[in-house]
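A.B. asks: Structure file target.tsv (TSV, C-alpha atoms and all ligand atoms) right here:
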```tsv
chain	number	residue	atom	x	y	z
F	1	MET	CA	18.73	-2.64	-0.52
F	2	SER	CA	21.96	-0.66	-0.81
F	3	LYS	CA	25.39	-0.73	0.78
F	4	PHE	CA	24.66	2.81	1.97
F	5	TRP	CA	21.73	1.76	4.16
F	6	SER	CA	22.10	1.41	7.91
F	7	PRO	CA	21.30	-2.08	9.32
F	8	LEU	CA	18.22	-0.57	10.97
F	9	VAL	CA	16.82	0.60	7.63
F	10	ASN	CA	17.40	-2.83	6.11
F	11	ASP	CA	15.08	-4.33	8.72
F	12	LEU	CA	12.32	-1.70	8.63
F	13	VAL	CA	8.82	-2.75	7.57
F	14	PRO	CA	7.21	0.60	6.69
F	15	TYR	CA	3.51	1.46	6.88
F	16	VAL	CA	1.67	1.39	3.56
F	17	PRO	CA	-0.82	4.27	3.36
F	18	GLY	CA	-4.07	3.91	1.42
F	19	GLU	CA	-3.71	4.77	-2.23
F	20	GLN	CA	-4.05	8.42	-3.36
F	21	PRO	CA	-4.81	7.77	-7.03
F	22	LYS	CA	-4.12	10.47	-9.63
F	23	MET	CA	-7.12	9.55	-11.83
F	24	ALA	CA	-10.05	12.00	-12.03
F	25	ASN	CA	-13.71	11.13	-11.31
F	26	LEU	CA	-12.97	8.35	-8.86
F	27	VAL	CA	-15.33	7.55	-6.02
F	28	LYS	CA	-12.60	7.54	-3.40
F	29	LEU	CA	-13.75	5.70	-0.28
F	30	ASN	CA	-10.43	4.18	0.80
F	31	THR	CA	-8.65	6.49	3.27
F	32	ASN	CA	-11.33	7.76	5.66
F	33	GLU	CA	-11.12	11.38	4.60
F	34	ASN	CA	-14.11	13.63	5.21
F	35	PRO	CA	-16.32	13.97	2.10
F	36	PHE	CA	-17.14	17.56	3.07
F	37	GLY	CA	-14.55	20.30	2.65
F	38	PRO	CA	-13.08	22.31	5.52
F	39	SER	CA	-14.88	25.34	6.92
F	40	PRO	CA	-14.59	28.45	4.67
F	41	ARG	CA	-13.15	30.16	7.77
F	42	VAL	CA	-10.21	27.75	7.63
F	43	VAL	CA	-9.52	28.65	4.02
F	44	ASP	CA	-9.73	32.38	4.83
F	45	ALA	CA	-7.37	31.99	7.79
F	46	ILE	CA	-4.81	30.16	5.66
F	47	LYS	CA	-5.05	32.80	2.91
F	48	ALA	CA	-4.48	35.51	5.49
F	49	GLU	CA	-1.17	33.85	6.38
F	50	LEU	CA	0.08	33.94	2.77
F	51	ASN	CA	2.23	36.99	3.18
F	52	ASP	CA	5.73	38.21	3.95
F	53	GLY	CA	5.50	36.57	7.38
F	54	LEU	CA	6.31	33.23	5.72
F	55	ARG	CA	9.98	34.17	5.78
F	56	LEU	CA	9.85	33.71	9.56
F	57	TYR	CA	9.76	30.39	11.39
F	58	PRO	CA	6.40	29.53	12.96
F	59	ASP	CA	5.84	29.49	16.73
F	60	PRO	CA	7.68	26.31	17.82
F	61	GLU	CA	5.25	25.82	20.69
F	62	GLY	CA	2.09	26.55	18.67
F	63	GLU	CA	0.91	28.46	21.72
F	64	SER	CA	-2.18	30.07	20.23
F	65	LEU	CA	-3.48	26.77	18.82
F	66	ARG	CA	-2.72	24.97	22.07
F	67	GLU	CA	-4.71	27.60	23.96
F	68	THR	CA	-7.62	27.18	21.56
F	69	ILE	CA	-7.65	23.38	21.85
F	70	ALA	CA	-7.20	23.56	25.64
F	71	SER	CA	-10.09	25.97	26.07
F	72	TYR	CA	-12.29	23.89	23.69
F	73	HIS	CA	-11.77	20.87	25.95
F	74	SER	CA	-11.68	22.77	29.28
F	75	LEU	CA	-7.98	21.98	29.85
F	76	LYS	CA	-4.80	23.98	30.39
F	77	PRO	CA	-2.42	24.67	27.45
F	78	GLU	CA	0.33	22.70	29.21
F	79	GLN	CA	-1.88	19.62	28.81
F	80	VAL	CA	-1.80	19.87	25.01
F	81	PHE	CA	0.90	18.63	22.61
F	82	LEU	CA	0.77	19.38	18.86
F	83	GLY	CA	2.20	17.37	15.98
F	84	ASN	CA	2.35	17.11	12.20
F	85	GLY	CA	-0.67	14.85	11.97
F	86	SER	CA	-1.50	12.47	14.79
F	87	ASP	CA	0.86	9.96	13.17
F	88	GLU	CA	3.77	12.13	14.26
F	89	VAL	CA	2.25	12.55	17.72
F	90	LEU	CA	1.91	8.75	17.97
F	91	ALA	CA	5.52	8.24	16.88
F	92	HIS	CA	6.69	10.52	19.71
F	93	ILE	CA	4.40	8.71	22.16
F	94	PHE	CA	5.90	5.34	21.22
F	95	PHE	CA	9.41	6.71	21.60
F	96	GLY	CA	8.87	8.77	24.73
F	97	LEU	CA	6.12	7.22	26.82
F	98	PHE	CA	6.25	3.45	26.31
F	99	GLN	CA	8.73	1.13	27.99
F	100	HIS	CA	10.82	-0.33	25.17
F	101	ASP	CA	11.85	-3.62	26.75
F	102	GLU	CA	8.48	-4.74	28.07
F	103	PRO	CA	5.75	-5.64	25.54
F	104	ILE	CA	3.32	-2.87	24.81
F	105	LEU	CA	-0.22	-4.07	24.20
F	106	PHE	CA	-2.54	-3.32	21.29
F	107	PRO	CA	-5.39	-5.25	19.62
F	108	ASP	CA	-4.62	-7.84	16.92
F	109	ILE	CA	-6.85	-5.95	14.52
F	110	THR	CA	-6.06	-2.27	14.75
F	111	TYR	CA	-4.27	0.69	13.18
F	112	SER	CA	-1.41	-0.87	11.26
F	113	PHE	CA	1.02	1.93	12.08
F	114	TYR	CA	1.44	0.67	15.68
F	115	PRO	CA	3.64	-2.33	14.83
F	116	VAL	CA	5.60	-0.10	12.45
F	117	TYR	CA	6.54	2.29	15.27
F	118	CYS	CA	7.54	-0.71	17.36
F	119	GLY	CA	9.87	-1.78	14.55
F	120	LEU	CA	11.25	1.72	14.12
F	121	TYR	CA	12.08	2.17	17.80
F	122	ASN	CA	12.77	-1.45	18.65
F	123	ILE	CA	9.87	-1.65	21.12
F	124	GLN	CA	8.61	-5.06	22.24
F	125	SER	CA	4.91	-5.65	21.60
F	126	LYS	CA	2.17	-8.19	22.20
F	127	VAL	CA	-1.11	-8.27	20.31
F	128	VAL	CA	-4.31	-8.79	22.26
F	129	PRO	CA	-6.95	-10.60	20.18
F	130	LEU	CA	-10.30	-8.87	19.78
F	131	THR	CA	-13.31	-11.00	20.72
F	132	GLU	CA	-15.21	-13.07	18.11
F	133	SER	CA	-17.41	-10.03	17.51
F	134	PHE	CA	-14.32	-7.82	17.02
F	135	GLU	CA	-14.65	-6.00	20.35
F	136	ILE	CA	-11.97	-5.00	22.85
F	137	ASN	CA	-12.29	-6.95	26.11
F	138	PRO	CA	-10.85	-4.74	28.90
F	139	ASP	CA	-9.95	-7.82	30.98
F	140	ASP	CA	-7.44	-8.84	28.30
F	141	PHE	CA	-5.41	-5.72	29.08
F	142	LYS	CA	-4.85	-6.84	32.69
F	143	GLN	CA	-1.40	-8.30	32.16
F	144	PRO	CA	2.17	-7.02	32.55
F	145	ASN	CA	3.04	-4.55	29.79
F	146	GLY	CA	5.17	-1.58	28.78
F	147	GLY	CA	2.14	0.56	27.83
F	148	VAL	CA	-1.23	0.19	26.13
F	149	ILE	CA	-2.62	1.75	22.96
F	150	PHE	CA	-5.88	1.28	21.08
F	151	PRO	CA	-8.00	3.44	18.82
F	152	ASN	CA	-11.50	4.31	20.01
F	153	PRO	CA	-13.46	3.77	17.83
F	154	ASN	CA	-11.11	1.04	16.66
F	155	ALA	CA	-9.82	1.03	13.10
F	156	PRO	CA	-10.54	-0.68	10.78
F	157	THR	CA	-13.50	-2.23	12.65
F	158	GLY	CA	-15.25	1.03	13.61
F	159	ARG	CA	-16.31	-0.54	16.92
F	160	TYR	CA	-16.53	1.78	19.91
F	161	LEU	CA	-15.57	0.98	23.51
F	162	GLU	CA	-17.73	2.66	26.17
F	163	LEU	CA	-15.84	5.03	28.50
F	164	ALA	CA	-16.56	2.83	31.53
F	165	HIS	CA	-14.52	0.09	29.83
F	166	VAL	CA	-11.74	2.54	28.94
F	167	GLU	CA	-11.63	3.35	32.67
F	168	GLU	CA	-11.29	-0.35	33.49
F	169	ILE	CA	-8.16	-0.48	31.32
F	170	LEU	CA	-6.81	2.69	32.97
F	171	ASN	CA	-7.47	1.32	36.44
F	172	SER	CA	-5.75	-1.98	35.73
F	173	ASN	CA	-2.60	-0.21	34.45
F	174	PRO	CA	-1.86	2.58	36.96
F	175	ASP	CA	1.90	2.37	36.36
F	176	ARG	CA	1.76	2.39	32.59
F	177	VAL	CA	0.69	4.97	30.02
F	178	VAL	CA	-2.60	4.10	28.33
F	179	VAL	CA	-3.10	5.86	24.99
F	180	VAL	CA	-6.55	6.22	23.48
F	181	ASP	CA	-6.20	7.11	19.80
F	182	GLU	CA	-9.39	9.04	19.08
F	183	ALA	CA	-8.91	9.74	15.37
F	184	TYR	CA	-12.62	8.95	14.76
F	185	ILE	CA	-14.23	9.94	18.07
F	186	ASP	CA	-16.34	12.80	16.74
F	187	PHE	CA	-18.56	10.54	14.66
F	188	GLY	CA	-20.66	9.39	17.61
F	189	GLY	CA	-18.36	8.33	20.47
F	190	GLU	CA	-17.73	10.02	23.81
F	191	SER	CA	-14.18	11.32	24.22
F	192	ALA	CA	-11.90	10.14	27.04
F	193	ILE	CA	-10.53	13.70	27.17
F	194	THR	CA	-13.00	14.27	30.03
F	195	LEU	CA	-10.96	11.73	32.03
F	196	VAL	CA	-7.47	13.22	31.70
F	197	ASP	CA	-7.65	15.16	34.97
F	198	LYS	CA	-8.67	11.97	36.77
F	199	TYR	CA	-5.99	9.62	35.35
F	200	PRO	CA	-2.33	10.74	35.25
F	201	ASN	CA	-1.58	7.69	33.06
F	202	LEU	CA	-4.08	8.64	30.31
F	203	LEU	CA	-3.04	10.22	27.05
F	204	VAL	CA	-5.66	10.91	24.36
F	205	SER	CA	-4.64	11.63	20.78
F	206	GLN	CA	-6.87	13.26	18.19
F	207	THR	CA	-6.53	14.50	14.63
F	208	LEU	CA	-7.95	17.28	12.48
F	209	SER	CA	-7.74	14.97	9.45
F	210	LYS	CA	-11.14	13.35	9.89
F	211	ALA	CA	-14.03	15.21	11.52
F	212	ARG	CA	-12.47	18.61	10.75
F	213	SER	CA	-11.75	17.77	7.09
F	214	LEU	CA	-8.09	18.76	7.19
F	215	ALA	CA	-6.16	15.62	6.20
F	216	GLY	CA	-4.16	17.76	3.78
F	217	LEU	CA	-3.00	20.19	6.49
F	218	ARG	CA	-1.40	17.59	8.80
F	219	VAL	CA	-2.41	18.55	12.33
F	220	GLY	CA	-2.85	16.22	15.28
F	221	PHE	CA	-2.54	16.56	19.04
F	222	ALA	CA	-2.43	14.69	22.32
F	223	VAL	CA	-3.79	15.73	25.70
F	224	GLY	CA	-2.89	14.43	29.12
F	225	HIS	CA	-1.13	15.20	32.38
F	226	PRO	CA	1.57	17.94	31.96
F	227	ASP	CA	4.28	15.37	32.88
F	228	LEU	CA	3.30	13.24	29.87
F	229	ILE	CA	3.22	16.32	27.63
F	230	GLU	CA	6.67	17.33	28.84
F	231	ALA	CA	8.06	13.96	27.71
F	232	LEU	CA	6.56	14.51	24.27
F	233	ASN	CA	8.07	18.00	24.08
F	234	ARG	CA	11.47	16.58	24.94
F	235	VAL	CA	11.18	14.11	22.05
F	236	LYS	CA	9.79	16.73	19.65
F	237	ASN	CA	12.56	19.20	20.46
F	238	SER	CA	15.12	16.49	19.78
F	239	PHE	CA	13.60	15.83	16.36
F	240	ASN	CA	11.95	18.91	14.74
F	241	SER	CA	11.26	22.16	16.59
F	242	TYR	CA	8.67	23.34	14.05
F	243	PRO	CA	6.35	20.44	13.20
F	244	LEU	CA	3.47	22.78	12.29
F	245	ASP	CA	3.94	25.53	9.73
F	246	ARG	CA	2.27	28.93	9.83
F	247	LEU	CA	-0.56	27.88	7.50
F	248	ALA	CA	-1.33	24.76	9.52
F	249	LEU	CA	-1.36	26.65	12.83
F	250	ALA	CA	-3.74	29.30	11.45
F	251	GLY	CA	-6.03	26.85	9.63
F	252	ALA	CA	-6.31	24.48	12.59
F	253	LYS	CA	-7.20	27.31	14.96
F	254	ALA	CA	-9.93	28.52	12.61
F	255	ALA	CA	-11.34	24.99	12.42
F	256	TYR	CA	-12.00	25.12	16.17
F	257	GLU	CA	-13.70	28.48	15.77
F	258	ASP	CA	-16.40	27.15	13.45
F	259	GLU	CA	-18.34	24.73	15.62
F	260	ALA	CA	-21.44	24.91	13.43
F	261	TRP	CA	-19.51	23.69	10.37
F	262	PHE	CA	-17.90	20.90	12.37
F	263	ARG	CA	-21.26	19.70	13.71
F	264	LYS	CA	-22.87	19.84	10.27
F	265	CYS	CA	-20.10	17.71	8.72
F	266	CYS	CA	-20.21	15.13	11.54
F	267	ASP	CA	-24.02	14.90	11.41
F	268	GLY	CA	-23.88	14.50	7.62
F	269	VAL	CA	-21.40	11.62	7.91
F	270	ILE	CA	-23.37	9.94	10.70
F	271	SER	CA	-26.69	10.02	8.84
F	272	GLU	CA	-25.05	8.69	5.67
F	273	ARG	CA	-23.31	5.98	7.69
F	274	GLU	CA	-26.70	4.77	8.93
F	275	ARG	CA	-28.11	4.80	5.37
F	276	VAL	CA	-25.10	2.94	3.91
F	277	THR	CA	-25.23	0.39	6.75
F	278	ALA	CA	-28.89	-0.35	6.03
F	279	ALA	CA	-28.31	-0.60	2.26
F	280	LEU	CA	-25.34	-2.95	2.72
F	281	GLY	CA	-27.46	-5.11	5.03
F	282	GLU	CA	-30.09	-5.44	2.31
F	283	LEU	CA	-27.38	-6.51	-0.13
F	284	GLY	CA	-26.36	-9.41	2.13
F	285	PHE	CA	-23.51	-7.80	4.08
F	286	GLU	CA	-22.79	-8.15	7.76
F	287	VAL	CA	-21.81	-4.64	8.87
F	288	LEU	CA	-20.03	-4.17	12.21
F	289	PRO	CA	-21.66	-1.43	14.34
F	290	SER	CA	-19.58	1.67	13.55
F	291	LYS	CA	-19.07	4.96	15.35
F	292	ALA	CA	-16.47	6.08	12.80
F	293	ASN	CA	-16.62	7.70	9.35
F	294	PHE	CA	-16.30	4.27	7.74
F	295	VAL	CA	-17.95	0.88	7.95
F	296	PHE	CA	-16.35	-2.56	8.02
F	297	ALA	CA	-18.46	-5.12	6.21
F	298	ARG	CA	-18.29	-8.65	4.81
F	299	HIS	CA	-20.63	-10.25	2.33
F	300	LYS	CA	-22.27	-13.57	3.12
F	301	ASP	CA	-20.84	-15.22	0.00
F	302	GLN	CA	-18.72	-12.81	-2.03
F	303	PRO	CA	-15.02	-12.59	-1.01
F	304	GLY	CA	-13.81	-9.12	-0.01
F	305	GLU	CA	-10.95	-9.17	-2.48
F	306	VAL	CA	-13.26	-9.93	-5.41
F	307	LEU	CA	-15.66	-7.16	-4.42
F	308	ALA	CA	-12.85	-4.61	-3.98
F	309	LYS	CA	-11.53	-5.49	-7.44
F	310	GLY	CA	-15.00	-5.35	-9.00
F	311	LEU	CA	-15.68	-1.94	-7.47
F	312	ARG	CA	-12.32	-0.68	-8.65
F	313	GLU	CA	-13.18	-1.61	-12.23
F	314	GLN	CA	-16.16	0.71	-11.82
F	315	GLY	CA	-13.97	3.56	-10.51
F	316	ILE	CA	-14.93	3.04	-6.85
F	317	ILE	CA	-12.03	2.54	-4.45
F	318	VAL	CA	-12.48	0.96	-1.01
F	319	ARG	CA	-9.87	-0.63	1.29
F	320	HIS	CA	-9.28	-4.36	1.54
F	321	PHE	CA	-6.76	-5.81	4.02
F	322	ASN	CA	-5.31	-9.18	3.11
F	323	LYS	CA	-4.80	-10.11	6.77
F	324	PRO	CA	-5.88	-12.98	9.03
F	325	ARG	CA	-9.45	-12.71	10.44
F	326	ILE	CA	-10.41	-9.75	8.25
F	327	SER	CA	-9.62	-10.76	4.66
F	328	GLU	CA	-13.35	-11.13	3.88
F	329	PHE	CA	-14.07	-7.54	4.92
F	330	LEU	CA	-14.14	-4.26	3.05
F	331	ARG	CA	-13.48	-0.99	4.86
F	332	ILE	CA	-15.65	1.61	3.20
F	333	THR	CA	-15.28	5.31	3.97
F	334	ILE	CA	-18.58	7.18	4.18
F	335	GLY	CA	-18.74	9.60	1.26
F	336	THR	CA	-21.20	12.18	0.00
F	337	VAL	CA	-24.78	11.10	-0.79
F	338	GLU	CA	-23.79	10.78	-4.48
F	339	GLN	CA	-20.64	8.77	-3.73
F	340	ASN	CA	-22.54	6.43	-1.44
F	341	ASP	CA	-25.26	5.99	-4.08
F	342	ALA	CA	-22.52	5.05	-6.57
F	343	LEU	CA	-21.08	2.54	-4.09
F	344	ILE	CA	-24.45	0.90	-3.48
F	345	ALA	CA	-25.23	0.78	-7.22
F	346	GLY	CA	-21.74	-0.65	-7.89
F	347	LEU	CA	-22.26	-3.41	-5.34
F	348	GLU	CA	-25.73	-4.18	-6.71
F	349	THR	CA	-24.15	-4.77	-10.13
F	350	LEU	CA	-21.58	-7.10	-8.62
W	401	LIG	C1	-6.59	5.07	14.11
W	401	LIG	C2	-5.82	6.15	13.43
W	401	LIG	N1	-4.98	6.90	14.16
W	401	LIG	C3	-4.26	7.88	13.61
W	401	LIG	C4	-4.35	8.17	12.27
W	401	LIG	C5	-3.47	9.23	11.69
W	401	LIG	O1	-4.13	10.39	11.36
W	401	LIG	P1	-3.35	11.70	10.95
W	401	LIG	O2	-1.87	11.41	10.89
W	401	LIG	O3	-3.90	12.09	9.62
W	401	LIG	O4	-3.67	12.70	12.00
W	401	LIG	C6	-5.24	7.44	11.46
W	401	LIG	C7	-5.34	7.74	10.02
W	401	LIG	O5	-6.03	7.16	9.25
W	401	LIG	C8	-5.97	6.40	12.07
W	401	LIG	O6	-6.80	5.63	11.34
```
Using structure tokens, write down the structure from this file.

C.D. replies:
Amino acid sequence: MSKFWSPLVNDLVPYVPGEQPKMANLVKLNTNENPFGPSPRVVDAIKAELNDGLRLYPDPEGESLRETIASYHSLKPEQVFLGNGSDEVLAHIFFGLFQHDEPILFPDITYSFYPVYCGLYNIQSKVVPLTESFEINPDDFKQPNGGVIFPNPNAPTGRYLELAHVEEILNSNPDRVVVVDEAYIDFGGESAITLVDKYPNLLVSQTLSKARSLAGLRVGFAVGHPDLIEALNRVKNSFNSYPLDRLALAGAKAAYEDEAWFRKCCDGVISERERVTAALGELGFEVLPSKANFVFARHKDQPGEVLAKGLREQGIIVRHFNKPRISEFLRITIGTVEQNDALIAGLETL
């Protein structure tokens, strides 16, 4: 605390990102990054931008990338909004598309940045408990609200909500914006992007940090009705006109131009997820069904905190949340075959 801080800053409760340790040779399974690198075409595209052109500002509208993403999803460019990681996109959504004085709804167990944005922008919120089996019940979102947001698949549970149920939530909230945060959708779920032309209240956010292996580049986007996108542009242009630099714009575009690489990485993660799930089951874990690039698992008699600590002593880092309902769980990012072998061997020792 300092006398120079504004009262708002005094009261902020910031998000705590997963650790990015500096030690070498760690098996790092704590922040849901992709174990495979980005497409070589992405690296080439970024290198091609390393020239005198860097003295110029990038395209504030990211037009070329928006066209690429729009055409990939059979949409129009005016239905696409770009941001510096989907976290920035989400921040603008909270500010620009949710009612601030009516409670917005999100699950009790979900991405922990949502309550942080509520605190930052002074938005009222109400948590909606997941069921006993950690699923979203669409009926629970039939209540007055200032907007709805949930990840699909949910984080940190990995559980996926079928599109028919997403539609139920959209239909019960025609006067409110419903945001589906699809950070992990490419690992086996079906995207709600196919529904944006049908529902003017639907906004879908995605990221290039996960399935496209570009967490270090910071690119995310949202798609929806042009009126929703216009609101986001108004917020963005009141905050930072150039959220994506020249390297990010070029690299992200190239990522969409290498479908084969993208598919290979997703398939690799999915098949390893199934193998890790089976191995954890044999070791006495209950593993929630996951359609993400991580699994959420609890052991029948070993506490999550003890296991996370024991793995850490072996140089294997997973995420443990000391929170109600989930303190017995570990969230384990799916790694390479070798990393997953190390995880399984580490748990066997414990
Ligand atoms: C559910 C969810 N949404 C959004 C994000 C943010 O992703 P990024 O800012 O890297 O695009 C994450 C990151 O882990 C996430 O888990």

A.B. asks: Please give me, as a ChimeraX atom specification, the residues lying within 9 Å of ligand LIG 401 (chain W) when counting all atoms listed in the file.

C.D. replies: /F:17-18,31-33,83-90,110-113,150-156,181-184,205-210,214-221

A.B. asks: Ranking F:Phe296, F:Pro21, F:Glu348, F:Val269 by minimum distance to F:Ile109 and counting all atoms listed in the file, which one comes first?

C.D. replies: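 Ranked by minimum distance to F:Ile109, first place goes to F:Phe296.
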
A.B. asks: Kindly give the distance, in Å, that separates atom CA of F:Ile136 and atom CA of F:Arg325, rounded to a single decimal.

C.D. replies: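 If I compute the distance from atom CA of F:Ile136 to atom CA of F:Arg325, I get 14.8 Å.
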
A.B. asks: One number please: atom CA of F:Leu280 to atom CA of F:His299, in Å, one decimal.

C.D. replies: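 Separating atom CA of F:Leu280 from atom CA of F:His299 is a distance of 8.7 Å.
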
A.B. asks: Here is a test: counting all atoms listed in the file, which residue of F:Gly158, F:Pro138, F:Pro200, F:Gly146 is nearest to F:Gly188?

C.D. replies: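 Counting all atoms listed in the file, the residue closest to F:Gly188 is F:Gly158.
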
A.B. asks: With all atoms listed in the file as the basis for distance, which of F:Val179, F:Leu161, F:Leu202, F:Val80 is at the shortest distance from F:Glu135?

C.D. replies: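 Nearest to F:Glu135: F:Leu161.
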
A.B. asks: Just give me the gap between atom CA of F:Val180 and atom CA of F:Tyr117 in Å, one decimal is fine.

C.D. replies: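 So the two atoms, atom CA of F:Val180 and atom CA of F:Tyr117, lie 15.9 Å apart.
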
A.B. asks: Given the choices F:Glu190, F:Glu257, F:Asp140, F:Glu168, which gets closest to F:Ser71 if the distance is worked out from only C-alpha atoms?

C.D. replies: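 So, comparing all the options, the nearest one is F:Glu257.
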
A.B. asks: Given the choices F:Arg41, F:Glu230, F:Leu130, F:Ile46, which gets closest to F:Glu259 if the distance is worked out from all atoms listed in the file?

C.D. replies: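 When distances to F:Glu259 are compared using all atoms listed in the file, the smallest one comes from F:Arg41.
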
A.B. asks: Tell me which protein, DNA and RNA residues are within 10 Å of F:Lys300, counting all atoms listed in the file, leaving out same-chain ones fewer than 2 positions away, and put them as a PDB file with C-alpha atoms, in the frame of the given file.

C.D. replies:
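Once everything was written out, this is out_0.pdb:
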```
ATOM      1  CA  LEU F 283     -27.380  -6.510  -0.130  1.00  0.00           C
ATOM      2  CA  GLY F 284     -26.360  -9.410   2.130  1.00  0.00           C
ATOM      3  CA  PHE F 285     -23.510  -7.800   4.080  1.00  0.00           C
ATOM      4  CA  GLU F 286     -22.790  -8.150   7.760  1.00  0.00           C
ATOM      5  CA  ALA F 297     -18.460  -5.120   6.210  1.00  0.00           C
ATOM      6  CA  ARG F 298     -18.290  -8.650   4.810  1.00  0.00           C
ATOM      7  CA  GLN F 302     -18.720 -12.810  -2.030  1.00  0.00           C
ATOM      8  CA  PRO F 303     -15.020 -12.590  -1.010  1.00  0.00           C
ATOM      9  CA  GLU F 328     -13.350 -11.130   3.880  1.00  0.00           C
TER      10      GLU F 328
END
```

A.B. asks: Pick out the residues sitting within 12 Å of F:Glu274, and hand them over as a PyMOL selection string; count only C-alpha atoms, and ignore anything fewer than 2 positions along from it in its own chain.

C.D. replies: chain F and resi 187-188+267-272+276-281+287-295+334+337+340

A.B. asks: Using all atoms listed in the file, which of the listed residues (F:Phe262, F:Asp108, F:Gly304, F:Leu170) sits closest to F:Asn322?

C.D. replies: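 Closest to F:Asn322 of all the choices is F:Gly304.
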
A.B. asks: Leaving out F:Ala260 and any residue of its chain fewer than 5 positions from it, which residues lie within 12 Å of it when counting all atoms listed in the file, given as a list in words?

C.D. replies: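 Those residues are Pro38, Ser39, Pro40, Arg41, Arg212, Ala255, Cys265, Cys266 and Asp267 of chain F.
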
A.B. asks: Can I get the selected residues back with C-alpha atoms, as a compact mmCIF listing (two decimals), in the frame of the given file?

C.D. replies:
```txt
# COMPACT_ATOMS: atom_id res chain seq x y z
CA PRO F 38 -13.08 22.31 5.52
CA SER F 39 -14.88 25.34 6.92
CA PRO F 40 -14.59 28.45 4.67
CA ARG F 41 -13.15 30.16 7.77
CA ARG F 212 -12.47 18.61 10.75
CA ALA F 255 -11.34 24.99 12.42
CA CYS F 265 -20.10 17.71 8.72
CA CYS F 266 -20.21 15.13 11.54
CA ASP F 267 -24.02 14.90 11.41
```

A.B. asks: Would you mind listing what lies within 8 Å of F:Val148 as a ChimeraX atom specification, with all atoms listed in the file counted and same-chain residues fewer than 3 positions away left out?

C.D. replies: /F:104-106,141,145,176-179
